[in-house]
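Text of final_7.cif, listed as mmCIF, C-alpha atoms:
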data_structure
#
loop_
_atom_site.label_atom_id
_atom_site.label_comp_id
_atom_site.auth_asym_id
_atom_site.auth_seq_id
_atom_site.Cartn_x
_atom_site.Cartn_y
_atom_site.Cartn_z
CA MET I 14 11.23 -16.74 12.75
CA VAL I 15 8.56 -14.04 12.50
CA LEU I 16 9.84 -12.22 15.58
CA LEU I 17 13.41 -12.41 14.33
CA ALA I 18 12.34 -11.12 10.91
CA ILE I 19 10.58 -8.15 12.53
CA ALA I 20 13.71 -7.38 14.57
CA VAL I 21 15.96 -7.56 11.50
CA ARG I 22 13.72 -5.25 9.47
CA VAL I 23 13.28 -2.71 12.26
CA CYS I 24 17.05 -2.57 12.72
CA ALA I 25 17.52 -2.12 8.96
CA LEU I 26 14.92 0.66 8.95
CA PHE I 27 16.98 2.69 11.39
CA VAL I 28 20.45 1.68 10.17
CA PHE I 29 19.64 2.76 6.61
CA GLN I 30 17.44 5.68 7.75
CA ALA I 31 14.76 4.57 5.30
CA TYR I 32 12.18 6.65 7.19
CA SER I 33 13.72 9.82 5.72
CA ILE I 34 11.30 10.42 2.81
CA LYS I 35 12.62 13.18 0.54
CA SER I 36 9.26 14.58 -0.61
CA ASP I 37 5.52 14.03 -0.61
CA TRP I 38 5.78 12.50 -4.09
CA ALA I 39 8.43 10.02 -2.91
CA PHE I 40 5.96 8.82 -0.27
CA GLY I 41 4.39 6.07 -2.35
CA TYR I 42 4.24 8.08 -5.59
CA GLU I 43 0.80 7.37 -7.16
CA THR I 44 -0.21 5.40 -4.07
CA GLY I 45 0.52 8.34 -1.78
CA GLN I 46 -1.30 10.86 -3.97
CA ILE I 47 -4.45 8.72 -4.23
CA ALA I 48 -4.34 8.00 -0.49
CA GLU I 49 -4.18 11.74 0.23
CA SER I 50 -7.25 12.34 -1.95
CA LEU I 51 -9.14 9.63 -0.06
CA ALA I 52 -8.07 11.01 3.31
CA LEU I 53 -9.22 14.51 2.33
CA GLY I 54 -12.62 13.23 1.21
CA GLN I 55 -11.98 13.92 -2.49
CA GLY I 56 -12.65 10.36 -3.58
CA TYR I 57 -10.41 7.98 -5.45
CA SER I 58 -8.60 10.55 -7.57
CA GLY I 59 -5.40 12.45 -8.33
CA PRO I 60 -2.69 9.84 -9.10
CA PHE I 61 -0.11 12.54 -9.91
CA LEU I 62 0.91 15.83 -8.36
CA LYS I 63 -1.48 18.67 -9.23
CA THR I 64 -4.17 16.32 -10.56
CA THR I 65 -7.61 15.95 -9.02
CA GLU I 66 -9.60 13.94 -11.59
CA PRO I 67 -11.04 10.50 -10.72
CA THR I 68 -8.65 7.65 -11.40
CA ALA I 69 -8.40 3.91 -11.90
CA TRP I 70 -4.62 3.99 -12.25
CA LEU I 71 -4.14 1.57 -9.35
CA MET I 72 -6.28 -1.08 -7.71
CA PRO I 73 -7.87 0.39 -4.56
CA GLY I 74 -6.67 -2.02 -1.86
CA TYR I 75 -3.32 -0.60 -0.82
CA PRO I 76 -4.08 3.13 -1.35
CA TRP I 77 -7.14 2.65 0.88
CA ILE I 78 -4.95 1.24 3.67
CA VAL I 79 -2.51 4.15 3.35
CA SER I 80 -5.41 6.61 3.38
CA ILE I 81 -6.53 5.28 6.78
CA VAL I 82 -3.03 5.93 8.10
CA PHE I 83 -3.14 9.46 6.66
CA LYS I 84 -6.53 10.06 8.24
CA VAL I 85 -5.23 9.09 11.68
CA LEU I 86 -1.64 10.39 11.62
CA GLY I 87 -1.71 13.13 8.99
CA ASP I 88 -0.89 13.29 5.28
CA PHE I 89 2.77 12.50 4.55
CA SER I 90 3.69 13.01 8.21
CA GLN I 91 6.64 11.31 9.89
CA GLY I 92 4.22 9.29 11.95
CA ALA I 93 2.53 8.09 8.76
CA VAL I 94 5.92 7.06 7.40
CA PHE I 95 6.64 4.89 10.44
CA ALA I 96 3.11 3.44 10.42
CA VAL I 97 3.14 2.48 6.73
CA LEU I 98 6.65 1.05 6.86
CA GLY I 99 5.70 -0.73 10.08
CA LEU I 100 2.79 -2.38 8.27
CA ASN I 101 5.15 -3.40 5.47
CA ILE I 102 7.53 -4.90 8.02
CA LEU I 103 4.66 -6.83 9.58
CA PHE I 104 3.40 -8.14 6.20
CA SER I 105 6.92 -9.07 5.17
CA SER I 106 7.61 -10.96 8.38
CA LEU I 107 4.24 -12.73 8.45
CA THR I 108 4.87 -14.02 4.92
CA ILE I 109 7.09 -16.58 6.63
CA VAL I 110 4.00 -18.27 8.14
CA PRO I 111 2.27 -19.37 4.89
CA LEU I 112 5.66 -19.93 3.24
CA TYR I 113 6.71 -22.27 6.04
CA SER I 114 3.36 -24.10 5.91
CA LEU I 115 3.57 -24.44 2.12
CA GLY I 116 7.10 -25.83 2.33
CA ASP I 117 6.14 -28.26 5.09
CA LYS I 118 3.09 -29.50 3.17
CA ILE I 119 4.89 -30.06 -0.14
CA PHE I 120 8.57 -30.64 0.63
CA GLY I 121 8.80 -31.55 4.30
CA LYS I 122 9.82 -29.98 7.60
CA PHE I 123 13.50 -29.49 6.81
CA THR I 124 12.79 -27.46 3.66
CA ALA I 125 10.16 -25.43 5.55
CA VAL I 126 12.65 -24.51 8.27
CA LEU I 127 15.32 -23.69 5.70
CA VAL I 128 13.15 -21.42 3.55
CA GLY I 129 11.68 -19.68 6.60
CA THR I 130 15.13 -19.00 8.02
CA LEU I 131 16.41 -17.76 4.68
CA PHE I 132 13.45 -15.41 4.26
CA VAL I 133 14.25 -13.82 7.62
CA ILE I 134 17.49 -12.40 6.22
CA TYR I 135 16.63 -12.30 2.51
CA PRO I 136 17.82 -8.84 1.28
CA PRO I 137 14.99 -8.07 -1.21
CA SER I 138 12.38 -8.92 1.44
CA ILE I 139 14.06 -6.60 3.93
CA TRP I 140 14.46 -3.87 1.34
CA HIS I 141 10.90 -3.79 0.07
CA ALA I 142 9.62 -3.88 3.65
CA ILE I 143 11.54 -0.78 4.74
CA ASN I 144 11.70 1.23 1.53
CA THR I 145 8.92 0.38 -0.95
CA ILE I 146 5.67 2.17 -0.11
CA TRP I 147 3.70 0.18 -2.62
CA ASP I 148 1.53 -2.95 -2.65
CA THR I 149 4.61 -5.16 -3.20
CA THR I 150 4.96 -6.57 0.32
CA LEU I 151 1.23 -6.87 0.99
CA PHE I 152 0.56 -8.57 -2.34
CA THR I 153 3.37 -11.08 -1.75
CA PHE I 154 1.97 -11.89 1.70
CA LEU I 155 -1.54 -12.44 0.30
CA ALA I 156 -0.36 -14.38 -2.77
CA VAL I 157 1.57 -16.95 -0.71
CA HIS I 158 -1.51 -17.35 1.51
CA LEU I 159 -3.57 -17.90 -1.63
CA LEU I 160 -1.23 -20.66 -2.82
CA LEU I 161 -1.43 -22.36 0.56
CA LEU I 162 -5.23 -22.17 0.60
CA VAL I 163 -5.52 -23.68 -2.89
CA THR I 164 -3.36 -26.66 -1.88
CA GLN I 165 -5.36 -27.18 1.30
CA ILE I 166 -8.88 -27.19 -0.17
CA ARG I 167 -8.25 -29.29 -3.28
CA PRO I 168 -8.46 -32.78 -1.72
CA ASP I 169 -11.93 -32.24 -0.17
CA LEU I 170 -13.36 -29.45 -2.29
CA THR I 171 -16.80 -28.12 -1.37
CA ALA I 172 -18.83 -25.11 -2.45
CA VAL I 173 -18.21 -23.44 0.92
CA LYS I 174 -14.44 -23.84 0.64
CA ALA I 175 -14.56 -22.58 -2.94
CA GLY I 176 -16.51 -19.53 -1.75
CA ILE I 177 -13.84 -18.79 0.87
CA LEU I 178 -11.15 -19.14 -1.79
CA GLY I 179 -13.13 -16.75 -4.02
CA LEU I 180 -13.24 -14.15 -1.25
CA VAL I 181 -9.48 -14.43 -0.76
CA MET I 182 -8.69 -14.27 -4.48
CA GLY I 183 -11.01 -11.29 -4.95
CA ALA I 184 -9.36 -9.49 -2.05
CA VAL I 185 -5.91 -10.19 -3.47
CA ALA I 186 -7.03 -8.89 -6.88
CA LEU I 187 -8.20 -5.65 -5.27
CA VAL I 188 -4.60 -5.18 -4.15
CA ASN I 189 -2.98 -6.25 -7.43
CA ALA I 190 -5.02 -7.43 -10.41
CA VAL I 191 -2.09 -9.39 -11.86
CA VAL I 192 -3.16 -12.35 -9.70
CA LEU I 193 -6.15 -12.86 -12.02
CA ALA I 194 -3.73 -14.20 -14.66
CA PHE I 195 -3.29 -17.16 -12.29
CA TYR I 196 -7.05 -17.64 -11.87
CA PRO I 197 -7.66 -19.91 -14.94
CA PHE I 198 -5.08 -22.41 -13.72
CA VAL I 199 -6.61 -22.43 -10.24
CA VAL I 200 -9.95 -23.41 -11.76
CA LEU I 201 -8.30 -26.12 -13.85
CA TRP I 202 -6.39 -27.34 -10.80
CA LEU I 203 -9.56 -27.67 -8.74
CA LEU I 204 -11.44 -29.39 -11.58
CA CYS I 205 -8.75 -32.06 -11.74
CA GLY I 206 -9.24 -33.14 -8.12
CA GLU I 207 -9.90 -36.79 -7.38
CA ARG I 208 -11.67 -37.33 -4.05
CA THR I 209 -14.90 -35.55 -4.98
CA SER I 210 -17.13 -36.10 -7.99
CA PHE I 211 -16.81 -33.95 -11.09
CA ALA I 212 -20.25 -32.45 -10.47
CA VAL I 213 -19.16 -31.22 -7.03
CA ARG I 214 -15.92 -29.85 -8.42
CA PHE I 215 -17.67 -28.09 -11.30
CA ARG I 216 -20.26 -26.57 -8.97
CA SER I 217 -17.51 -25.42 -6.62
CA CYS I 218 -15.61 -23.73 -9.45
CA CYS I 219 -18.78 -21.92 -10.48
CA VAL I 220 -19.15 -20.68 -6.90
CA LEU I 221 -15.50 -19.59 -6.95
CA THR I 222 -16.03 -17.60 -10.14
CA LEU I 223 -19.20 -15.93 -8.88
CA VAL I 224 -17.63 -14.92 -5.57
CA VAL I 225 -14.54 -13.44 -7.27
CA ALA I 226 -16.82 -11.49 -9.62
CA PHE I 227 -18.95 -10.35 -6.68
CA VAL I 228 -15.92 -9.04 -4.75
CA LEU I 229 -14.63 -7.12 -7.78
CA SER I 230 -18.02 -5.88 -8.99
CA PRO I 231 -18.24 -2.67 -6.88
CA TRP I 232 -14.90 -1.51 -8.24
CA VAL I 233 -15.84 -2.38 -11.84
CA VAL I 234 -19.25 -0.72 -11.55
CA ARG I 235 -17.66 2.41 -10.08
CA ASN I 236 -15.27 2.61 -13.02
CA TYR I 237 -18.12 2.12 -15.47
CA GLU I 238 -20.05 4.99 -13.90
CA VAL I 239 -17.01 7.28 -13.84
CA PHE I 240 -15.31 6.40 -17.14
CA ASP I 241 -18.22 4.92 -19.15
CA GLN I 242 -16.42 1.60 -19.52
CA PRO I 243 -16.00 -1.38 -17.20
CA MET I 244 -12.37 -2.00 -16.27
CA LEU I 245 -10.06 -2.95 -13.44
CA ARG I 246 -7.23 -0.52 -14.25
CA SER I 247 -6.93 2.30 -16.74
CA ASN I 248 -3.18 2.37 -17.32
CA PHE I 249 -2.44 -0.79 -19.29
CA GLY I 250 -2.11 1.15 -22.54
CA VAL I 251 0.45 3.46 -20.92
CA GLU I 252 2.52 0.60 -19.53
CA LEU I 253 2.40 -1.19 -22.89
CA TRP I 254 3.57 1.95 -24.69
CA LEU I 255 6.39 2.59 -22.22
CA GLY I 256 7.95 -0.74 -23.10
CA ASN I 257 7.14 -0.77 -26.81
CA ASN I 258 8.10 2.31 -28.81
CA GLU I 259 10.94 3.29 -31.08
CA LYS I 260 12.79 5.30 -28.43
CA THR I 261 12.69 2.43 -25.93
CA TYR I 262 13.95 0.05 -28.62
CA GLU I 263 16.87 2.34 -29.51
CA ASP I 264 17.82 2.75 -25.84
CA GLN I 265 17.67 -0.97 -25.20
CA LEU I 266 19.62 -1.74 -28.36
CA ALA I 267 22.34 0.70 -27.36
CA HIS I 268 22.58 -0.10 -23.65
CA ARG I 269 20.27 -3.06 -22.93
CA SER I 270 19.75 -1.56 -19.50
CA ILE I 271 17.78 1.68 -19.90
CA SER I 272 14.46 1.74 -18.06
CA PRO I 273 11.59 3.29 -20.07
CA ILE I 274 10.15 4.82 -16.89
CA GLY I 275 11.73 8.17 -17.80
CA ARG I 276 8.89 8.74 -20.28
CA HIS I 277 6.22 8.10 -17.66
CA PRO I 278 3.75 11.02 -17.32
CA SER I 279 4.62 11.34 -13.65
CA ILE I 280 8.20 12.17 -14.64
CA ASN I 281 8.17 13.47 -18.22
CA ARG I 282 6.78 17.00 -18.51
CA SER I 283 5.47 16.74 -22.08
CA GLU I 284 3.74 13.44 -21.35
CA PHE I 285 2.16 14.92 -18.24
CA VAL I 286 0.77 17.83 -20.26
CA GLU I 287 -0.73 15.38 -22.75
CA PHE I 288 -2.16 13.35 -19.84
CA VAL I 289 -3.91 16.46 -18.45
CA GLU I 290 -5.23 17.50 -21.86
CA LEU I 291 -6.63 14.10 -22.85
CA GLY I 292 -7.65 12.83 -19.44
CA GLU I 293 -6.61 9.53 -17.93
CA VAL I 294 -8.67 7.20 -20.13
CA GLY I 295 -8.10 9.22 -23.29
CA TYR I 296 -4.36 9.35 -22.72
CA ALA I 297 -4.19 5.60 -22.04
CA SER I 298 -6.22 4.92 -25.19
CA VAL I 299 -3.88 6.99 -27.35
CA LYS I 300 -0.82 5.27 -25.89
CA TYR I 301 -2.39 1.86 -26.40
CA SER I 302 -2.93 2.67 -30.09
CA GLN I 303 0.66 3.89 -30.45
CA ALA I 304 2.00 0.76 -28.75
CA THR I 305 -0.07 -1.67 -30.83
CA ASP I 306 0.88 0.16 -34.03
CA PHE I 307 4.55 -0.17 -33.13
CA ILE I 308 4.14 -3.87 -32.29
CA TRP I 309 2.31 -4.78 -35.52
CA GLU I 310 4.71 -2.77 -37.66
CA ASN I 311 7.84 -4.01 -35.84
CA VAL I 312 7.17 -7.57 -34.75
CA ASP I 313 10.89 -8.37 -34.72
CA LYS I 314 11.61 -5.41 -32.43
CA PHE I 315 8.76 -6.42 -30.13
CA PHE I 316 10.16 -9.94 -29.78
CA PHE I 317 13.62 -8.52 -29.14
CA LEU I 318 12.29 -6.29 -26.36
CA SER I 319 10.17 -9.09 -24.88
CA LYS I 320 13.15 -11.45 -24.87
CA LEU I 321 15.24 -8.81 -23.16
CA ARG I 322 12.50 -8.19 -20.57
CA PHE I 323 12.25 -11.92 -19.92
CA SER I 324 16.00 -12.08 -19.35
CA GLN I 325 15.98 -9.04 -17.06
CA PHE I 326 13.06 -10.40 -15.06
CA TRP I 327 14.74 -13.71 -14.26
CA LEU I 328 18.46 -12.88 -14.40
CA GLY I 329 18.47 -9.23 -13.40
CA ASP I 330 20.38 -6.44 -15.09
CA TYR I 331 23.90 -5.92 -13.82
CA ASN I 332 24.44 -3.02 -16.24
CA LYS I 333 21.65 -0.93 -14.76
CA PRO I 334 22.69 2.07 -12.62
CA ASN I 335 22.37 1.82 -8.87
CA ASP I 336 18.61 2.34 -8.87
CA TRP I 337 17.92 0.18 -5.84
CA THR I 338 18.80 2.76 -3.22
CA GLY I 339 15.29 4.25 -3.12
CA ASN I 340 15.22 6.75 -0.27
CA LEU I 341 18.89 6.12 0.55
CA ASN I 342 20.39 8.51 -1.97
CA ASN I 343 22.16 10.26 0.88
CA VAL I 344 24.26 7.16 1.53
CA SER I 345 24.32 5.61 -1.94
CA THR I 346 27.98 6.46 -2.42
CA ARG I 347 28.81 4.31 0.64
CA LEU I 348 26.47 1.55 -0.50
CA GLY I 349 27.70 1.00 -4.03
CA LEU I 350 27.13 -2.74 -3.73
CA ILE I 351 23.37 -2.46 -3.16
CA THR I 352 22.52 -3.14 -6.79
CA VAL I 353 25.04 -5.98 -6.96
CA VAL I 354 23.42 -7.58 -3.92
CA LYS I 355 20.01 -7.26 -5.59
CA GLU I 356 21.20 -8.90 -8.80
CA LEU I 357 22.97 -11.68 -6.92
CA CYS I 358 19.70 -12.42 -5.14
CA HIS I 359 18.11 -12.73 -8.58
CA THR I 360 20.65 -15.20 -9.97
CA LEU I 361 22.22 -17.22 -7.12
CA PRO I 362 19.06 -19.19 -6.20
CA LEU I 363 18.34 -20.17 -9.82
CA PRO I 364 20.65 -23.26 -10.10
CA PHE I 365 19.17 -24.67 -6.87
CA PHE I 366 15.71 -23.64 -8.10
CA PHE I 367 16.02 -25.78 -11.23
CA ILE I 368 17.32 -28.73 -9.22
CA GLY I 369 14.36 -28.37 -6.87
CA VAL I 370 11.86 -28.24 -9.75
CA PHE I 371 13.25 -31.36 -11.44
CA ALA I 372 13.54 -33.24 -8.15
CA SER I 373 9.92 -32.50 -7.22
CA ILE I 374 8.33 -32.94 -10.64
CA LYS I 375 6.39 -36.01 -9.44
CA LYS I 376 4.70 -34.01 -6.68
CA ARG I 377 1.32 -32.73 -7.85
CA GLN I 378 1.56 -29.45 -5.95
CA THR I 379 4.72 -28.66 -7.90
CA PHE I 380 2.62 -27.87 -10.98
CA LEU I 381 0.58 -25.34 -9.00
CA LEU I 382 3.74 -23.50 -7.94
CA ILE I 383 5.20 -23.64 -11.46
CA ALA I 384 1.96 -22.26 -12.90
CA TYR I 385 2.13 -19.37 -10.43
CA LEU I 386 5.68 -18.62 -11.58
CA PHE I 387 4.55 -18.84 -15.21
CA PHE I 388 1.36 -16.76 -15.17
CA ILE I 389 2.18 -13.91 -12.75
CA PRO I 390 5.01 -12.35 -14.83
CA LEU I 391 3.32 -12.67 -18.25
CA VAL I 392 2.11 -9.07 -18.43
CA TYR I 393 5.57 -7.74 -17.56
CA TYR I 394 7.18 -9.55 -20.51
CA VAL I 395 5.14 -7.36 -22.88
CA THR I 396 5.26 -4.09 -20.91
CA HIS I 397 8.32 -3.39 -18.77
CA VAL I 398 10.23 -4.92 -15.85
CA SER I 399 11.08 -3.70 -12.35
CA GLU I 400 12.54 -5.48 -9.34
CA ARG I 401 9.36 -4.94 -7.36
CA TYR I 402 7.41 -6.75 -10.08
CA ARG I 403 9.59 -9.81 -9.53
CA PHE I 404 9.44 -9.93 -5.76
CA PRO I 405 5.98 -11.59 -5.45
CA VAL I 406 7.36 -14.74 -7.15
CA GLU I 407 10.59 -14.87 -5.14
CA PRO I 408 9.18 -16.77 -2.13
CA VAL I 409 8.25 -19.63 -4.47
CA ILE I 410 11.67 -19.46 -6.14
CA LEU I 411 13.31 -19.67 -2.72
CA LEU I 412 11.07 -22.60 -1.77
CA PHE I 413 12.20 -24.61 -4.78
CA ALA I 414 15.81 -23.47 -4.25
CA CYS I 415 15.82 -24.67 -0.63
CA TYR I 416 14.41 -28.02 -1.69
CA GLY I 417 17.01 -28.20 -4.45
CA GLY I 418 19.73 -27.46 -1.91
CA LYS I 419 18.41 -30.23 0.32
CA VAL I 420 18.39 -32.70 -2.59
CA LEU I 421 21.91 -31.68 -3.61
CA ALA I 422 23.19 -32.05 -0.03
CA SER I 423 21.55 -35.48 0.22
CA PHE I 424 23.22 -36.52 -3.04
CA PHE I 425 26.71 -35.58 -1.88
CA SER I 426 26.01 -37.04 1.55
CA GLN I 427 25.18 -40.38 -0.05
CA ILE I 428 28.41 -40.28 -2.05
CA LEU I 429 30.38 -39.69 1.16
CA ARG I 430 28.55 -42.50 2.92
CA ASN I 431 29.22 -44.93 0.11
CA ARG I 432 32.92 -44.13 0.24
CA VAL I 433 33.05 -44.61 4.00
CA ASP I 434 31.16 -47.91 3.76
CA GLU I 435 33.77 -49.42 1.42
CA PRO I 436 36.37 -51.28 3.64
CA GLU I 437 40.02 -51.70 2.77
CA LEU I 438 40.72 -55.36 2.07
CA ILE I 439 43.70 -56.46 4.18
CA GLY I 440 43.46 -60.19 3.64
CA VAL I 441 41.00 -60.97 6.43
CA GLU I 442 37.88 -62.76 5.20
CA ASN I 443 35.40 -61.23 7.63
CA GLU I 444 36.90 -57.74 7.65
CA LYS I 445 33.94 -56.44 5.62
CA GLN I 446 31.53 -57.34 8.40
CA GLN I 447 33.74 -56.26 11.28
CA TRP I 448 35.06 -52.97 9.95
CA PRO I 449 31.96 -50.71 10.34
CA GLN I 450 31.79 -51.50 14.06
CA THR I 451 35.51 -51.18 14.75
CA ASN I 452 36.91 -48.56 12.44
CA SER I 453 36.79 -45.05 13.94
CA ARG I 454 36.19 -43.47 10.50
CA TYR I 455 32.67 -44.96 10.60
CA ARG I 456 31.51 -43.20 13.75
CA TRP I 457 31.40 -39.67 12.29
CA ARG I 458 28.41 -40.65 10.21
CA ARG I 459 26.12 -40.70 13.20
CA PHE I 460 26.90 -37.04 13.89
CA SER I 461 26.96 -35.79 10.31
CA TRP I 462 24.64 -32.83 9.64
CA PHE I 463 23.71 -34.62 6.40
CA THR I 464 22.06 -37.47 8.33
CA PRO I 465 18.68 -35.74 8.97
CA LEU I 466 18.35 -35.17 5.21
#
Could you write out this structure as structure tokens?
Amino acid sequence: MVLLAIAVRVCALFVFQAYSIKSDWAFGYETGQIAESLALGQGYSGPFLKTTEPTAWLMPGYPWIVSIVFKVLGDFSQGAVFAVLGLNILFSSLTIVPLYSLGDKIFGKFTAVLVGTLFVIYPPSIWHAINTIWDTTLFTFLAVHLLLLVTQIRPDLTAVKAGILGLVMGAVALVNAVVLAFYPFVVLWLLCGERTSFAVRFRSCCVLTLVVAFVLSPWVVRNYEVFDQPMLRSNFGVELWLGNNEKTYEDQLAHRSISPIGRHPSINRSEFVEFVELGEVGYASVKYSQATDFIWENVDKFFFLSKLRFSQFWLGDYNKPNDWTGNLNNVSTRLGLITVVKELCHTLPLPFFFIGVFASIKKRQTFLLIAYLFFIPLVYYVTHVSERYRFPVEPVILLFACYGGKVLASFFSQILRNRVDEPELIGVENEKQQWPQTNSRYRWRRFSWFTPL
């Protein structure tokens, strides 16, 4: 499956010519700019064009990886493009390994094979691998591994295993801090184990917490020294303001499909000037105040926007312009269905997803997966939504959907079997016993593809 996924993504890379990056800014946007600063020895700085000040706009994991590529192959070079997209293809394809193992452990071999096969050809996975120079693919790969590790260590939890889990979770948080929203449930999940004593479980959770804090501490200390305040990221106030202001509300009320990203300082000239004048932390602080003022003064509007973001996150937005072409603007007129395909991938698995959740509700690991789906998107409901924000939860959605499809197929298979097993009474007393061995309509059951289910 992994080899086939790599082949599919490499073919898509060349068929769609996704290696044709239009500009240096389009190469990863903030990620590319920070990576260039690192490669040039200027430190972790310069998230936007023509900026050189220290930054905490993004977590350092993925920009650091891109900076190594820049150091070896040159800043924004064609070789760097192929190398970074090649890494994305590798991360995307290798996601099948923990996803398969997770499906096998919780739902059985058939579901594992089904979800792995589906992920090979899953359009959003292919697209983000070949077109999104961001932490999206890497974070998804690490997050699924994290879920698998949590399910594996819970039965026989020890301090050593908790320490390993802490290292993994800290590393994932250095790529994308949103995973820390899932951390409280992980602790609760481990505390509720059964095979070990509560004292062992409590001690292990303390070790987990200390290790996560230890992994993140250099980054937090660096930010404290640079910005005079401990923090993981500096841009929360900006993201909160982008999704919660009067202009965004009016646009959403009129169209219910307008992205607020047009007022981002990387795009909007006046906002960029204010960003330069105030500095990164000062600008974010001002925007945070503006956003909170809007929320407290317009609670009804905030709930309207949050409800709309929730709907767009889970159901997609069919009214949005064709914004999924990325670097393929040169062929977007011939690929008018790209956005439709994206939205269909958002909505089509959902009926099977709900069936899978209800059918597996008695499985303990189901609650871990549901908690992951619940906690990861929380911050986006109050800020703003993008398709790449949703992708890290899609492997779990597909896992439940495949199990739901299996349950649904088994249900209809049983109905068909029951109908076949009912003989036609023709006046012979022992016909009911003789018919299954003699009637030819019975034999197809042995070869039915439903039988393994």
inquiry  = Could you tell me, as a list in words, exactly which residues end up selected when the PyMOL selection byres ((chain I and resi 374-387) around 9) is applied to this structure?
reply    = Ile119, Phe120, Leu160, Val163, Thr164, Val192, Ala194, Phe195, Phe198, Val199, Trp202, Gly369, Val370, Phe371, Ala372, Ser373, Phe388, Ile389, Pro390, Leu391, Val406, Glu407, Val409 and Ile410 of chain I
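Of the residues listed (I:Leu221, I:Ser90, I:Thr65, I:Phe307), I:Leu221 shows the shortest atom-to-atom separation from Tyr196 in chain I; distances use all atoms listed in the file.
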message = From the options I:Leu193, I:Gly275, I:Ala212, I:Leu245, which residue's atoms come nearest to Val225 in chain I, counting all atoms listed in the file?
response =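 Ranking I:Leu193, I:Gly275, I:Ala212, I:Leu245 by distance to Val225 in chain I, first place goes to I:Leu193.
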note = Using only C-alpha atoms, the shortest atom-to-atom distance to Ala20 in chain I among I:Gln325, I:Thr209, I:Ser105, I:Thr305 belongs to I:Ser105
message = Starting from the PyMOL selection byres ((chain I and resi 419) around 12), expand the selection into actual residues of this file and give them as a ChimeraX atom specification.
response = /I:120-128,365-366,368-369,372-373,412-418,420-426,462-466
query = CA of Ile109 in chain I and CA of Phe367 in chain I, how far apart in Å?
reply =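 Interatomic distance, CA of Phe367 in chain I to CA of Ile109 in chain I: 22.0 Å.
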key: Residue with smallest distance to Tyr237 in chain I - pool I:Leu161, I:Gln427, I:Val294, I:Ile134, counting all atoms listed in the file   =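 Closest to Tyr237 in chain I, using all atoms listed in the file: I:Val294.
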inquiry  = Can you translate the PyMOL selection byres ((chain I and resi 61) around 10) into the concrete residues it hits in this file, as an MDAnalysis selection string?
reply    = chainID I and resid 38 42:47 58:60 62:66 68 70 278:280 285
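Minimum atom-to-atom distance to Cys218 in chain I, evaluated using only C-alpha atoms, belongs to I:Ala175 out of I:Met182, I:Leu411, I:Ala175, I:Val233.
Note that the spacing between CA of Val85 in chain I and CA of Gly54 in chain I amounts to 13.5 Å.
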request  = Would you list the residues near (-14.2, 5.1, -11.0) (no more than 7 Å away, in the coordinates of the file, using all atoms listed in the file) as a VMD selection string?
outcome  = chain I and resid 67 to 69 235 to 240
Written file, previous selection with C-alpha atoms, as a compact mmCIF listing (two decimals), keeping the file's coordinate frame:
# COMPACT_ATOMS: atom_id res chain seq x y z
CA PRO I 67 -11.04 10.50 -10.72
CA THR I 68 -8.65 7.65 -11.40
CA ALA I 69 -8.40 3.91 -11.90
CA ARG I 235 -17.66 2.41 -10.08
CA ASN I 236 -15.27 2.61 -13.02
CA TYR I 237 -18.12 2.12 -15.47
CA GLU I 238 -20.05 4.99 -13.90
CA VAL I 239 -17.01 7.28 -13.84
CA PHE I 240 -15.31 6.40 -17.14
Selection: 9 Å around Val82 in chain I, all atoms listed in the file, excl. self and same-chain fewer than 4 positions, as a PDB file with C-alpha atoms, in the coordinates of the input:
ATOM      1  CA  ALA I  48      -4.340   8.000  -0.490  1.00  0.00           C
ATOM      2  CA  ALA I  52      -8.070  11.010   3.310  1.00  0.00           C
ATOM      3  CA  TRP I  77      -7.140   2.650   0.880  1.00  0.00           C
ATOM      4  CA  ILE I  78      -4.950   1.240   3.670  1.00  0.00           C
ATOM      5  CA  LEU I  86      -1.640  10.390  11.620  1.00  0.00           C
ATOM      6  CA  GLY I  87      -1.710  13.130   8.990  1.00  0.00           C
ATOM      7  CA  ASP I  88      -0.890  13.290   5.280  1.00  0.00           C
ATOM      8  CA  GLY I  92       4.220   9.290  11.950  1.00  0.00           C
ATOM      9  CA  ALA I  93       2.530   8.090   8.760  1.00  0.00           C
ATOM     10  CA  ALA I  96       3.110   3.440  10.420  1.00  0.00           C
ATOM     11  CA  VAL I  97       3.140   2.480   6.730  1.00  0.00           C
TER      12      VAL I  97
END
task = List the neighbours of Asn101 in chain I out to 9 Å using all atoms listed in the file; skip same-chain residues closer than 4 positions along the sequence, and give me the result as an MDAnalysis selection string.
result = chainID I and resid 96:97 105:106 141:151
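Proximity of I:Gln265, I:Ser114, I:Ser138, I:Ser230 to Glu400 in chain I, computed with all atoms listed in the file, is greatest for I:Ser138.
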